[in-house]
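Shown next: query-v2.cif, given as mmCIF, C-alpha atoms.
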```cif
data_entry
loop_
_atom_site.label_atom_id
_atom_site.label_comp_id
_atom_site.auth_asym_id
_atom_site.auth_seq_id
_atom_site.Cartn_x
_atom_site.Cartn_y
_atom_site.Cartn_z
CA MET B 1 118.45 158.41 223.70
CA ASN B 2 115.26 158.96 221.73
CA VAL B 3 114.98 162.65 220.86
CA THR B 4 111.96 164.41 219.40
CA ILE B 5 112.68 167.40 217.18
CA VAL B 6 110.00 170.07 217.36
CA ARG B 7 109.79 173.20 215.25
CA ALA B 8 108.53 175.76 217.74
CA CYS B 9 106.85 179.07 216.92
CA LEU B 10 106.15 178.45 213.22
CA ARG B 11 105.09 181.23 210.91
CA ASP B 12 102.33 180.23 208.49
CA GLY B 13 103.41 176.61 208.81
CA ARG B 14 107.04 177.36 207.93
CA GLY B 15 110.32 177.81 209.74
CA GLY B 16 110.25 177.77 213.53
CA SER B 17 113.04 177.02 215.97
CA PRO B 18 114.19 173.36 215.89
CA THR B 19 114.24 172.17 219.51
CA ALA B 20 115.28 168.81 220.96
CA VAL B 21 112.88 167.29 223.51
CA LEU B 22 113.60 164.05 225.35
CA ASP B 23 112.62 162.19 228.48
CA ASP B 24 114.91 163.02 231.34
CA THR B 25 117.51 160.38 232.05
CA PRO B 26 120.52 160.16 234.37
CA LEU B 27 123.15 162.29 232.66
CA THR B 28 125.81 164.68 233.82
CA ASP B 29 125.29 168.34 233.02
CA ASP B 30 128.13 168.13 230.50
CA GLU B 31 126.32 165.29 228.76
CA ARG B 32 123.10 167.31 228.74
CA ARG B 33 124.91 170.21 227.12
CA GLU B 34 126.06 167.88 224.35
CA VAL B 35 122.53 166.78 223.46
CA ALA B 36 121.59 170.05 221.77
CA VAL B 37 124.87 170.07 219.84
CA ARG B 38 124.50 166.48 218.67
CA ALA B 39 120.84 166.96 217.78
CA GLY B 40 121.69 170.05 215.72
CA THR B 41 119.50 172.39 217.77
CA SER B 42 120.23 175.46 219.86
CA HIS B 43 118.36 174.12 222.91
CA ALA B 44 117.48 170.77 224.46
CA VAL B 45 114.55 170.21 226.82
CA PHE B 46 114.62 167.36 229.34
CA LEU B 47 111.11 166.29 230.26
CA SER B 48 109.79 164.39 233.30
CA ALA B 49 106.03 163.96 232.93
CA ASP B 50 103.79 163.19 235.90
CA ARG B 51 102.06 159.83 235.75
CA ASP B 52 98.61 161.40 235.89
CA GLY B 53 99.40 163.64 232.90
CA GLY B 54 98.65 166.81 234.84
CA GLY B 55 102.15 168.21 234.97
CA ALA B 56 105.79 167.89 234.07
CA THR B 57 109.22 169.04 235.16
CA LEU B 58 111.36 170.71 232.49
CA ARG B 59 115.10 171.40 232.33
CA PHE B 60 116.67 173.45 229.54
CA PHE B 61 120.23 173.24 228.23
CA THR B 62 122.31 174.90 225.55
CA ALA B 63 125.89 174.13 224.63
CA GLU B 64 127.01 176.52 227.39
CA GLY B 65 124.92 175.11 230.24
CA GLU B 66 121.54 175.08 231.95
CA LEU B 67 118.96 177.85 231.72
CA PRO B 68 116.27 178.56 234.34
CA GLY B 69 113.70 178.82 231.53
CA CYS B 70 113.28 178.76 227.78
CA GLY B 71 110.14 180.03 226.10
CA HIS B 72 110.30 178.24 222.77
CA GLY B 73 111.55 175.15 224.63
CA THR B 74 108.39 175.29 226.73
CA VAL B 75 106.29 175.51 223.56
CA ALA B 76 108.15 172.47 222.20
CA ALA B 77 107.63 170.49 225.43
CA LEU B 78 103.91 171.27 225.38
CA ALA B 79 103.75 169.97 221.81
CA VAL B 80 105.34 166.66 222.86
CA LEU B 81 103.06 166.30 225.89
CA ALA B 82 99.99 166.91 223.72
CA ALA B 83 101.14 164.42 221.09
CA ARG B 84 101.77 161.71 223.67
CA ALA B 85 98.74 161.99 225.88
CA GLY B 86 96.41 164.54 224.38
CA THR B 87 97.38 166.82 227.25
CA ARG B 88 95.76 170.23 226.95
CA GLU B 89 96.33 171.94 230.29
CA VAL B 90 99.33 171.16 232.47
CA THR B 91 101.42 172.57 235.28
CA LEU B 92 105.06 172.94 234.27
CA ARG B 93 107.82 173.06 236.86
CA THR B 94 111.11 174.71 235.89
CA HIS B 95 114.11 176.09 237.78
CA GLY B 96 112.65 179.52 237.07
CA GLY B 97 109.27 178.74 238.65
CA THR B 98 105.93 177.03 238.05
CA LEU B 99 104.08 177.76 234.82
CA ALA B 100 100.55 177.11 233.61
CA GLY B 101 100.60 175.68 230.09
CA ARG B 102 98.06 174.54 227.52
CA ALA B 103 98.12 173.11 224.03
CA VAL B 104 95.36 173.20 221.42
CA ARG B 105 95.46 170.77 218.52
CA HIS B 106 94.72 171.89 214.97
CA ASP B 107 92.88 168.94 213.49
CA GLY B 108 93.94 167.77 210.07
CA ASN B 109 97.35 169.36 209.76
CA GLY B 110 99.29 167.68 212.57
CA GLY B 111 100.19 170.95 214.27
CA LEU B 112 99.09 172.64 217.43
CA GLU B 113 99.23 175.91 219.29
CA ALA B 114 100.87 176.06 222.71
CA TRP B 115 100.61 178.82 225.30
CA PHE B 116 102.01 179.35 228.76
CA THR B 117 102.08 182.00 231.48
CA PRO B 118 105.74 182.85 232.11
CA GLY B 119 105.29 184.73 235.37
CA PRO B 120 105.95 188.33 236.42
CA VAL B 121 108.34 190.50 234.44
CA GLY B 122 110.60 193.03 236.14
CA LEU B 123 111.26 196.24 234.19
CA ARG B 124 113.74 199.03 234.92
CA ALA B 125 115.88 201.61 233.17
CA PRO B 126 119.52 200.60 232.59
CA GLU B 127 122.00 201.90 235.10
CA ALA B 128 124.83 204.15 234.01
CA GLY B 129 127.47 202.13 232.18
CA GLU B 130 125.29 199.02 232.01
CA HIS B 131 124.28 199.06 228.36
CA GLU B 132 126.52 201.46 226.41
CA ASP B 133 129.03 198.73 225.49
CA VAL B 134 126.17 196.46 224.42
CA LEU B 135 124.89 199.09 221.99
CA THR B 136 128.39 199.62 220.61
CA ALA B 137 128.83 195.88 220.02
CA LEU B 138 125.45 195.77 218.30
CA GLY B 139 126.41 198.63 216.00
CA VAL B 140 123.57 200.76 217.33
CA ALA B 141 123.95 204.47 217.97
CA GLY B 142 124.94 205.17 221.55
CA ASP B 143 122.13 207.70 222.00
CA THR B 144 119.41 205.10 221.33
CA PRO B 145 116.60 206.05 223.74
CA GLY B 146 114.08 203.75 225.37
CA CYS B 147 116.30 200.80 226.30
CA VAL B 148 114.92 198.72 229.18
CA VAL B 149 116.34 195.92 231.31
CA ALA B 150 113.64 193.24 231.57
CA THR B 151 113.96 190.33 233.99
CA LEU B 152 112.14 187.05 233.54
CA GLY B 153 114.36 184.43 235.12
CA ARG B 154 117.40 186.39 233.98
CA PRO B 155 117.78 190.03 232.90
CA ARG B 156 118.06 190.95 229.25
CA LEU B 157 118.25 194.29 227.44
CA LEU B 158 115.33 195.38 225.26
CA VAL B 159 116.52 197.72 222.51
CA PRO B 160 114.00 199.66 220.36
CA LEU B 161 114.80 200.51 216.73
CA PRO B 162 112.64 202.64 214.44
CA THR B 163 111.96 200.21 211.58
CA ARG B 164 111.90 196.54 210.64
CA SER B 165 114.69 197.15 208.13
CA ALA B 166 116.88 198.65 210.85
CA VAL B 167 116.42 195.48 212.94
CA LEU B 168 117.20 193.16 210.04
CA ALA B 169 120.26 195.15 208.90
CA LEU B 170 122.25 194.72 212.13
CA THR B 171 125.52 192.77 212.05
CA PRO B 172 126.77 192.79 215.65
CA ASP B 173 130.28 191.96 216.79
CA LEU B 174 129.38 188.82 218.73
CA ASP B 175 132.66 188.54 220.64
CA ARG B 176 132.37 192.10 221.89
CA LEU B 177 128.68 191.57 222.58
CA ARG B 178 129.37 188.56 224.76
CA THR B 179 131.88 190.53 226.81
CA ALA B 180 129.52 193.50 227.05
CA CYS B 181 126.63 191.29 228.24
CA ASP B 182 128.76 189.25 230.64
CA ARG B 183 129.95 192.33 232.52
CA PRO B 184 126.47 193.30 233.85
CA ALA B 185 125.29 189.63 233.81
CA LEU B 186 122.77 190.11 231.00
CA LEU B 187 121.34 187.05 229.28
CA GLY B 188 121.55 188.92 225.98
CA CYS B 189 119.76 191.64 224.07
CA TYR B 190 116.42 191.67 222.25
CA LEU B 191 116.00 194.26 219.49
CA TYR B 192 112.59 195.17 218.14
CA SER B 193 111.03 197.55 215.66
CA ALA B 194 108.37 200.16 216.45
CA PRO B 195 105.12 198.19 216.82
CA ALA B 196 102.36 198.38 214.23
CA PRO B 197 98.85 199.16 215.51
CA ASP B 198 98.19 195.41 215.97
CA GLY B 199 101.42 195.02 217.97
CA ARG B 200 103.43 193.36 215.21
CA VAL B 201 107.20 193.87 215.38
CA ALA B 202 110.35 192.50 213.82
CA ALA B 203 112.69 191.24 216.53
CA ARG B 204 116.08 189.60 216.98
CA MET B 205 117.62 188.08 220.10
CA PHE B 206 121.39 187.82 220.51
CA ALA B 207 122.66 185.70 223.40
CA PRO B 208 126.26 184.58 222.73
CA SER B 209 126.92 184.21 226.46
CA ILE B 210 124.69 181.11 226.56
CA GLY B 211 126.00 179.66 223.32
CA VAL B 212 123.24 181.10 221.11
CA PRO B 213 124.71 183.82 218.87
CA GLU B 214 121.22 184.56 217.54
CA ASP B 215 117.99 182.87 218.57
CA ILE B 216 115.48 181.87 215.90
CA ALA B 217 112.61 182.40 218.35
CA ASN B 218 112.61 183.79 221.86
CA ALA B 219 109.26 183.64 223.62
CA ASN B 220 110.34 184.83 227.06
CA SER B 221 111.87 188.03 225.66
CA THR B 222 108.71 188.59 223.63
CA ALA B 223 106.73 188.28 226.87
CA CYS B 224 109.08 190.87 228.39
CA LEU B 225 108.41 193.20 225.47
CA ALA B 226 104.65 192.74 225.87
CA ALA B 227 104.92 193.69 229.54
CA HIS B 228 106.97 196.76 228.62
CA LEU B 229 104.64 197.96 225.85
CA ALA B 230 101.55 197.28 227.98
CA ARG B 231 102.54 200.33 230.01
CA ASP B 232 101.71 202.36 226.89
CA GLY B 233 98.37 200.60 226.42
CA LEU B 234 99.35 197.90 223.89
CA ARG B 235 97.47 194.67 224.65
CA GLY B 236 99.78 192.26 222.91
CA VAL B 237 102.77 191.63 220.67
CA ILE B 238 103.25 189.57 217.53
CA ALA B 239 107.00 189.18 217.06
CA ASP B 240 108.47 188.02 213.75
CA MET B 241 111.91 186.52 214.27
CA GLY B 242 114.36 184.25 212.48
CA ASP B 243 114.26 185.95 209.06
CA SER B 244 117.97 186.80 209.17
CA LEU B 245 118.67 183.09 209.80
CA GLY B 246 116.40 181.77 207.05
CA ASN B 247 113.96 180.25 209.59
CA PRO B 248 110.91 182.52 209.90
CA ALA B 249 109.28 182.30 213.31
CA THR B 250 106.41 184.12 215.01
CA ILE B 251 105.69 184.42 218.73
CA ARG B 252 102.51 185.90 220.18
CA ALA B 253 102.15 187.45 223.62
CA VAL B 254 98.84 188.65 225.06
CA VAL B 255 98.44 190.90 228.09
CA ARG B 256 95.39 190.34 230.28
CA HIS B 257 94.61 192.86 232.99
CA GLY B 258 93.19 191.65 236.30
CA THR B 259 92.74 192.80 239.87
CA ASP B 260 96.29 191.66 240.71
CA GLY B 261 97.82 193.45 237.73
CA PRO B 262 98.67 192.35 234.20
CA THR B 263 99.19 188.69 233.31
CA ILE B 264 101.01 187.65 230.16
CA GLN B 265 100.38 184.57 228.05
CA VAL B 266 102.89 183.76 225.36
CA GLY B 267 103.16 181.02 222.76
CA GLY B 268 103.06 179.99 219.15
CA ARG B 269 102.38 177.18 216.73
CA ALA B 270 104.48 174.04 216.84
CA GLU B 271 104.97 170.86 214.88
CA ILE B 272 106.81 167.63 215.62
CA THR B 273 109.03 166.98 212.63
CA ARG B 274 111.00 163.82 213.38
CA GLU B 275 112.47 161.42 215.92
CA VAL B 276 116.20 160.79 216.15
CA VAL B 277 118.27 158.39 218.22
CA LEU B 278 121.49 159.60 219.81
CA GLY B 279 124.01 156.98 220.88
CA HIS B 280 126.52 157.44 223.68
CA ALA B 281 128.99 160.25 223.00
#
```
What is this file in structure tokens?
Amino acid sequence: MNVTIVRACLRDGRGGSPTAVLDDTPLTDDERREVAVRAGTSHAVFLSADRDGGGATLRFFTAEGELPGCGHGTVAALAVLAARAGTREVTLRTHGGTLAGRAVRHDGNGGLEAWFTPGPVGLRAPEAGEHEDVLTALGVAGDTPGCVVATLGRPRLLVPLPTRSAVLALTPDLDRLRTACDRPALLGCYLYSAPAPDGRVAARMFAPSIGVPEDIANANSTACLAAHLARDGLRGVIADMGDSLGNPATIRAVVRHGTDGPTIQVGGRAEITREVVLGHA
């Protein structure tokens, strides 16, 4: 199998989340799960491009199984499509729904910027007993106000903290966190600092239930945060992630208001770093 490794959601040309992208091929789901592990990435994206170049079907896998969607995986897939065929605007089909995507090349440096529209975000307050154990496992005070359950494909808990340093200082108990997230069927939890006037935050995403103890970059959760903060008038979010893992990443989400309500576009810069060949396991 020929696998393309893409660094998705770079920050100033550095870091990003290494993501495996490959043409879909007949494999069992167990074999698909192994691809990310063998490629040394947290996620693998299986890509079936339309012959006319106008669209593609995407499937996302981690070591634990298939996901209905993956934001930085979508950015990585858009990078590969653009590199192969100069594709700029495409329709992406995923288990979570149909997405509009686009990629813009940055001439001269080999990189590009990819954006997509992830679809509507559901927002609600946590129910009683739904998030207290999650906060305990995170090491966050139980009286933390402002937590929100955001659903985009799957629900995840958004947890506000007052400062960037508070976000970066967390050392959660990942075993307890997995149990606490599994009980209410949460994908994981996304912590973020109070936004600066331009919408910049520090953020971390913990998702041990899907085999990702901490995500370097999480675009879908950043889109969820943008939808949440838009209710207070913020028009977008710039989320810095990955610093605690030594891989700085930045995701941008923009909120556009229309007659049918707000629409979110999310994305980041990406770069294809290398090609690898995986033999049969």
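With distances taken over all atoms listed in the file, B:Arg14 is the one residue among B:Arg14, B:Gly139, B:Glu275, B:Ser193 lying closest to Gly246 in chain B.
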Item to complete: Specify as a PyMOL selection string each residue included when the PyMOL selection byres ((chain B and resi 239) around 12) is applied to this file.
Response: chain B and resi 9-11+164+190-196+198-205+216-226+236-238+240-243+248-254+266-268
Please dump the current selection as a compact mmCIF listing (two decimals), keeping the file's coordinate frame; keep C-alpha atoms.
```txt
# COMPACT_ATOMS: atom_id res chain seq x y z
CA CYS B 9 106.85 179.07 216.92
CA LEU B 10 106.15 178.45 213.22
CA ARG B 11 105.09 181.23 210.91
CA ARG B 164 111.90 196.54 210.64
CA TYR B 190 116.42 191.67 222.25
CA LEU B 191 116.00 194.26 219.49
CA TYR B 192 112.59 195.17 218.14
CA SER B 193 111.03 197.55 215.66
CA ALA B 194 108.37 200.16 216.45
CA PRO B 195 105.12 198.19 216.82
CA ALA B 196 102.36 198.38 214.23
CA ASP B 198 98.19 195.41 215.97
CA GLY B 199 101.42 195.02 217.97
CA ARG B 200 103.43 193.36 215.21
CA VAL B 201 107.20 193.87 215.38
CA ALA B 202 110.35 192.50 213.82
CA ALA B 203 112.69 191.24 216.53
CA ARG B 204 116.08 189.60 216.98
CA MET B 205 117.62 188.08 220.10
CA ILE B 216 115.48 181.87 215.90
CA ALA B 217 112.61 182.40 218.35
CA ASN B 218 112.61 183.79 221.86
CA ALA B 219 109.26 183.64 223.62
CA ASN B 220 110.34 184.83 227.06
CA SER B 221 111.87 188.03 225.66
CA THR B 222 108.71 188.59 223.63
CA ALA B 223 106.73 188.28 226.87
CA CYS B 224 109.08 190.87 228.39
CA LEU B 225 108.41 193.20 225.47
CA ALA B 226 104.65 192.74 225.87
CA GLY B 236 99.78 192.26 222.91
CA VAL B 237 102.77 191.63 220.67
CA ILE B 238 103.25 189.57 217.53
CA ASP B 240 108.47 188.02 213.75
CA MET B 241 111.91 186.52 214.27
CA GLY B 242 114.36 184.25 212.48
CA ASP B 243 114.26 185.95 209.06
CA PRO B 248 110.91 182.52 209.90
CA ALA B 249 109.28 182.30 213.31
CA THR B 250 106.41 184.12 215.01
CA ILE B 251 105.69 184.42 218.73
CA ARG B 252 102.51 185.90 220.18
CA ALA B 253 102.15 187.45 223.62
CA VAL B 254 98.84 188.65 225.06
CA VAL B 266 102.89 183.76 225.36
CA GLY B 267 103.16 181.02 222.76
CA GLY B 268 103.06 179.99 219.15
```
Practice prompt. Would you translate the PyMOL selection byres ((chain B and resi 68-82) around 6) into the concrete set of residues it matches in this file, as a ChimeraX atom specification?
Written response: /B:6,8,67,83-87,95-96,114,219-220
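Closest approach to Asp173 in chain B among B:Val140, B:Ala63, B:Ile272, B:Leu187: B:Val140, based on all atoms listed in the file.
Distances here use all atoms listed in the file; by that measure, the residue among B:Pro184, B:Gly65, B:Gly122, B:Gly13 closest to Gly211 in chain B is B:Gly65.
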Practice prompt. Could you check which of B:Ile5, B:Cys189, B:Val37, B:Leu27 is closest to Thr273 in chain B, using all atoms listed in the file?
Written response: B:Ile5
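When the distance limit is 6 Å and all atoms listed in the file are what count, the residues near range 38-43 of chain B, minus those fewer than 4 positions from it on the same chain, are Pro18, Thr19, Phe61 and Thr62 of chain B.
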Worksheet item: Written as a VMD selection string, what is the full residue list that the PyMOL selection byres ((chain B and resi 46-48) around 9) yields on the file shown?
Response: chain B and resid 20 to 25 32 44 to 45 49 to 50 55 to 61 77
Worksheet entry | Of the listed residues B:Ala227, B:Ala125, B:Val90, B:Leu138, that which approaches Pro213 in chain B most closely, counting only C-alpha atoms | B:Leu138
Discussion item. Neighbouring residues of Thr117 in chain B were defined as those with any atom within 6 Å, considering all atoms listed in the file; residues of the same chain fewer than 5 positions away were excluded. Please report them as a list of chain:residue names.
Written reply: B:Leu99, B:Ala100, B:Ile264, B:Gln265
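Among the candidates B:Thr144, B:Thr28, B:Ser17, B:Thr179, the one nearest to Ala270 in chain B when counting all atoms listed in the file is B:Ser17.
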Discussion item. Within 9 Å of (105.5, 185.6, 235.6) (file coordinates; all atoms listed in the file), which protein or nucleic acid residues are there? I'd like them as a VMD selection string.
Written reply: chain B and resid 97 to 99 117 to 121 152 to 153 263 to 264
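Going from CA of Glu271 in chain B over to CA of Asn2 in chain B, you cover 17.2 Å.
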